[in-house]
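Q: Provided herewith is a single structure, encoded as structure tokens, for subsequent inquiry.
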Amino acid sequence: MEGERSYPAAMDGKPRVRAFMAMSLDGFIAGPNDNMDWLHAYEGHEDTFTPFYAQIGALLMGRRSYDVVCGFNVPWPYGETPVMVATHRELKPLAPTISTCAGTIEEVVEKAKAVAAPKDVYIDGGQLIRQAMDAGLVDEITATMIPSVLGKGIPLFHGLETAHRLKLISTRPIGAGLVELKYAVERQ
């Protein structure tokens, strides 16, 4: 399945929950100590995030991911999109669009859907994605495979409580050996 294809919105018209990330060939989304330097060699290749992000009405982010983004020392990268950080700890927002939320994974995803509607929710952060997958709340995963093997770091899928079947929506080479894989998460 080559080429970019859009996966249709949910039949009921409700926002979908979608994960989007870069991942090493051995399944890591960050190196040890949340290191993201390994991605710098691939900057400047075709932008796949912008078309995805245009469909997003709210970003639900884990606290660890928020802290990593804050450490990038760049202007806030998510513009005017509401960003909800799932945390029980106090947080000093970097932008007026940032708020915190707490509760069960089902509760925070429902809050994000209410904010995102009629657009989709972008869920970010390994732990948050795993929790949402195990709760049956993730509809779609887009992973850009980076042609690097890290050997250790922060794995995306390690720690899932159950197995999950995925249906391939599309594959697309995007230059420099990167390959975008898009999957629907099948309901069991």
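In the structure tokens, the first chain shown is A, the next is B, and so on; residue numbers restart at 1 for each chain, and ligands run from 1 in the order shown.
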Counting only C-alpha atoms, what is within 7 Å of Met61 (chain A), bar same-chain residues fewer than 2 positions away, as a list of chain:residue names?
A: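 Counting only the stated atoms, we get A:Leu59, A:Arg63, A:Ser65, A:Tyr66, A:Met84, A:Val85, A:Ala86, A:Ile123, A:Asp124, A:Gly125.
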Q: Using only C-alpha atoms, can you tell me which of A:Gly175, A:Gly57, A:Gly44, A:Pro155 comes closest to Ala114 (chain A)?
A: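 Smallest distance to Ala114 (chain A) is found for A:Gly57.
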Q: Would you pick out the contacts of Ala41 (chain A) at 12 Å or less, using only C-alpha atoms, so that residues sharing its chain but fewer than 6 positions from it are not included, and give the list as a PDB file with N, CA and C atoms, in the first residue's frame?
A:
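Saved the output as out31.pdb:
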ATOM      1  N   ILE A 146      12.596   5.221  11.763  1.00  0.00           N
ATOM      2  CA  ILE A 146      13.871   5.891  11.526  1.00  0.00           C
ATOM      3  C   ILE A 146      14.934   4.810  11.341  1.00  0.00           C
ATOM      4  N   PRO A 147      15.757   4.904  10.312  1.00  0.00           N
ATOM      5  CA  PRO A 147      16.747   3.856  10.064  1.00  0.00           C
ATOM      6  C   PRO A 147      17.920   3.920  11.040  1.00  0.00           C
ATOM      7  N   SER A 148      17.598   3.750  12.303  1.00  0.00           N
ATOM      8  CA  SER A 148      18.602   3.706  13.380  1.00  0.00           C
ATOM      9  C   SER A 148      18.214   2.598  14.328  1.00  0.00           C
ATOM     10  N   ALA A 176      15.593   9.525   2.873  1.00  0.00           N
ATOM     11  CA  ALA A 176      16.679   9.223   3.812  1.00  0.00           C
ATOM     12  C   ALA A 176      16.460   7.920   4.569  1.00  0.00           C
ATOM     13  N   GLY A 177      15.704   6.999   3.980  1.00  0.00           N
ATOM     14  CA  GLY A 177      15.463   5.706   4.606  1.00  0.00           C
ATOM     15  C   GLY A 177      14.307   5.685   5.594  1.00  0.00           C
ATOM     16  N   LEU A 178      13.624   6.817   5.791  1.00  0.00           N
ATOM     17  CA  LEU A 178      12.481   6.874   6.691  1.00  0.00           C
ATOM     18  C   LEU A 178      11.258   6.284   6.003  1.00  0.00           C
TER      19      LEU A 178
END
Q: Can you check which residues of region 24-150 of chain A DSSP gives as strand (DSSP E) on the backbone and send them as a VMD selection string?
A: chain A and resid 24 28 to 30 56 to 62 83 to 86 98 to 101 120 to 124 140 to 146
Q: For the selection you just gave me, I'd like the residues written to a file as a JSON list (two decimals), in the first residue's frame, keeping N, CA and C atoms.
A:
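Final file, out-v6.json:
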[["chain", "number", "residue", "atom", "x", "y", "z"],
["A", 24, "SER", "N", 12.72, 4.32, 16.38],
["A", 24, "SER", "CA", 13.87, 3.61, 15.83],
["A", 24, "SER", "C", 13.41, 2.23, 15.35],
["A", 28, "PHE", "N", 12.30, 2.12, 19.79],
["A", 28, "PHE", "CA", 12.48, 3.16, 20.80],
["A", 28, "PHE", "C", 12.00, 4.51, 20.28],
["A", 29, "ILE", "N", 11.33, 5.28, 21.15],
["A", 29, "ILE", "CA", 10.87, 6.62, 20.79],
["A", 29, "ILE", "C", 11.81, 7.68, 21.33],
["A", 30, "ALA", "N", 12.73, 7.29, 22.17],
["A", 30, "ALA", "CA", 13.77, 8.18, 22.69],
["A", 30, "ALA", "C", 14.93, 7.30, 23.14],
["A", 56, "ILE", "N", -6.02, 17.83, 13.90],
["A", 56, "ILE", "CA", -6.02, 17.70, 15.36],
["A", 56, "ILE", "C", -6.69, 18.89, 16.02],
["A", 57, "GLY", "N", -7.59, 18.61, 16.95],
["A", 57, "GLY", "CA", -8.27, 19.65, 17.70],
["A", 57, "GLY", "C", -7.74, 19.82, 19.11],
["A", 58, "ALA", "N", -7.06, 18.81, 19.63],
["A", 58, "ALA", "CA", -6.44, 18.88, 20.96],
["A", 58, "ALA", "C", -5.34, 17.83, 21.06],
["A", 59, "LEU", "N", -4.32, 18.17, 21.83],
["A", 59, "LEU", "CA", -3.22, 17.25, 22.07],
["A", 59, "LEU", "C", -3.29, 16.83, 23.53],
["A", 60, "LEU", "N", -3.31, 15.52, 23.78],
["A", 60, "LEU", "CA", -3.26, 14.96, 25.13],
["A", 60, "LEU", "C", -1.86, 14.40, 25.30],
["A", 61, "MET", "N", -1.10, 15.01, 26.20],
["A", 61, "MET", "CA", 0.32, 14.70, 26.34],
["A", 61, "MET", "C", 0.63, 14.22, 27.75],
["A", 62, "GLY", "N", 1.50, 13.23, 27.84],
["A", 62, "GLY", "CA", 1.97, 12.79, 29.14],
["A", 62, "GLY", "C", 2.93, 13.83, 29.74],
["A", 83, "VAL", "N", -3.44, 22.07, 24.45],
["A", 83, "VAL", "CA", -2.60, 20.96, 24.91],
["A", 83, "VAL", "C", -2.98, 20.65, 26.34],
["A", 84, "MET", "N", -3.39, 19.41, 26.56],
["A", 84, "MET", "CA", -3.77, 18.94, 27.89],
["A", 84, "MET", "C", -2.68, 18.00, 28.38],
["A", 85, "VAL", "N", -2.06, 18.34, 29.49],
["A", 85, "VAL", "CA", -0.98, 17.52, 30.04],
["A", 85, "VAL", "C", -1.56, 16.67, 31.17],
["A", 86, "ALA", "N", -1.48, 15.36, 31.00],
["A", 86, "ALA", "CA", -1.98, 14.43, 32.02],
["A", 86, "ALA", "C", -0.94, 14.35, 33.14],
["A", 98, "ILE", "N", -1.99, 25.65, 27.24],
["A", 98, "ILE", "CA", -1.66, 24.46, 28.00],
["A", 98, "ILE", "C", -2.46, 24.41, 29.29],
["A", 99, "SER", "N", -3.05, 23.24, 29.53],
["A", 99, "SER", "CA", -3.76, 23.00, 30.79],
["A", 99, "SER", "C", -3.39, 21.61, 31.29],
["A", 100, "THR", "N", -3.72, 21.33, 32.53],
["A", 100, "THR", "CA", -3.48, 20.00, 33.08],
["A", 100, "THR", "C", -4.80, 19.26, 33.21],
["A", 101, "CYS", "N", -4.71, 17.95, 33.22],
["A", 101, "CYS", "CA", -5.88, 17.12, 33.47],
["A", 101, "CYS", "C", -5.43, 15.89, 34.25],
["A", 120, "ASP", "N", -9.76, 15.57, 15.68],
["A", 120, "ASP", "CA", -9.24, 14.41, 16.40],
["A", 120, "ASP", "C", -8.34, 14.81, 17.56],
["A", 121, "VAL", "N", -8.06, 13.82, 18.41],
["A", 121, "VAL", "CA", -7.14, 13.97, 19.53],
["A", 121, "VAL", "C", -5.81, 13.33, 19.15],
["A", 122, "TYR", "N", -4.74, 14.07, 19.35],
["A", 122, "TYR", "CA", -3.37, 13.56, 19.17],
["A", 122, "TYR", "C", -2.89, 13.18, 20.56],
["A", 123, "ILE", "N", -2.60, 11.91, 20.77],
["A", 123, "ILE", "CA", -2.11, 11.44, 22.05],
["A", 123, "ILE", "C", -0.61, 11.22, 21.94],
["A", 124, "ASP", "N", 0.14, 11.77, 22.90],
["A", 124, "ASP", "CA", 1.60, 11.76, 22.83],
["A", 124, "ASP", "C", 2.19, 11.36, 24.17],
["A", 140, "GLU", "N", -5.86, 5.03, 15.88],
["A", 140, "GLU", "CA", -4.89, 5.02, 14.78],
["A", 140, "GLU", "C", -3.50, 5.32, 15.31],
["A", 141, "ILE", "N", -2.51, 4.65, 14.73],
["A", 141, "ILE", "CA", -1.10, 4.87, 15.07],
["A", 141, "ILE", "C", -0.36, 5.17, 13.78],
["A", 142, "THR", "N", 0.37, 6.28, 13.76],
["A", 142, "THR", "CA", 1.27, 6.58, 12.66],
["A", 142, "THR", "C", 2.68, 6.58, 13.25],
["A", 143, "ALA", "N", 3.51, 5.69, 12.75],
["A", 143, "ALA", "CA", 4.88, 5.59, 13.23],
["A", 143, "ALA", "C", 5.81, 5.81, 12.04],
["A", 144, "THR", "N", 6.71, 6.76, 12.17],
["A", 144, "THR", "CA", 7.75, 6.95, 11.16],
["A", 144, "THR", "C", 8.97, 6.18, 11.64],
["A", 145, "MET", "N", 9.30, 5.14, 10.89],
["A", 145, "MET", "CA", 10.44, 4.30, 11.24],
["A", 145, "MET", "C", 11.71, 5.01, 10.80],
["A", 146, "ILE", "N", 12.60, 5.22, 11.76],
["A", 146, "ILE", "CA", 13.87, 5.89, 11.53],
["A", 146, "ILE", "C", 14.93, 4.81, 11.34]]
Q: Using only C-alpha atoms, which residue out of A:Leu39, A:Leu160, A:Leu166, A:Val138 lies closest to Arg18 (chain A)?
A: A:Val138
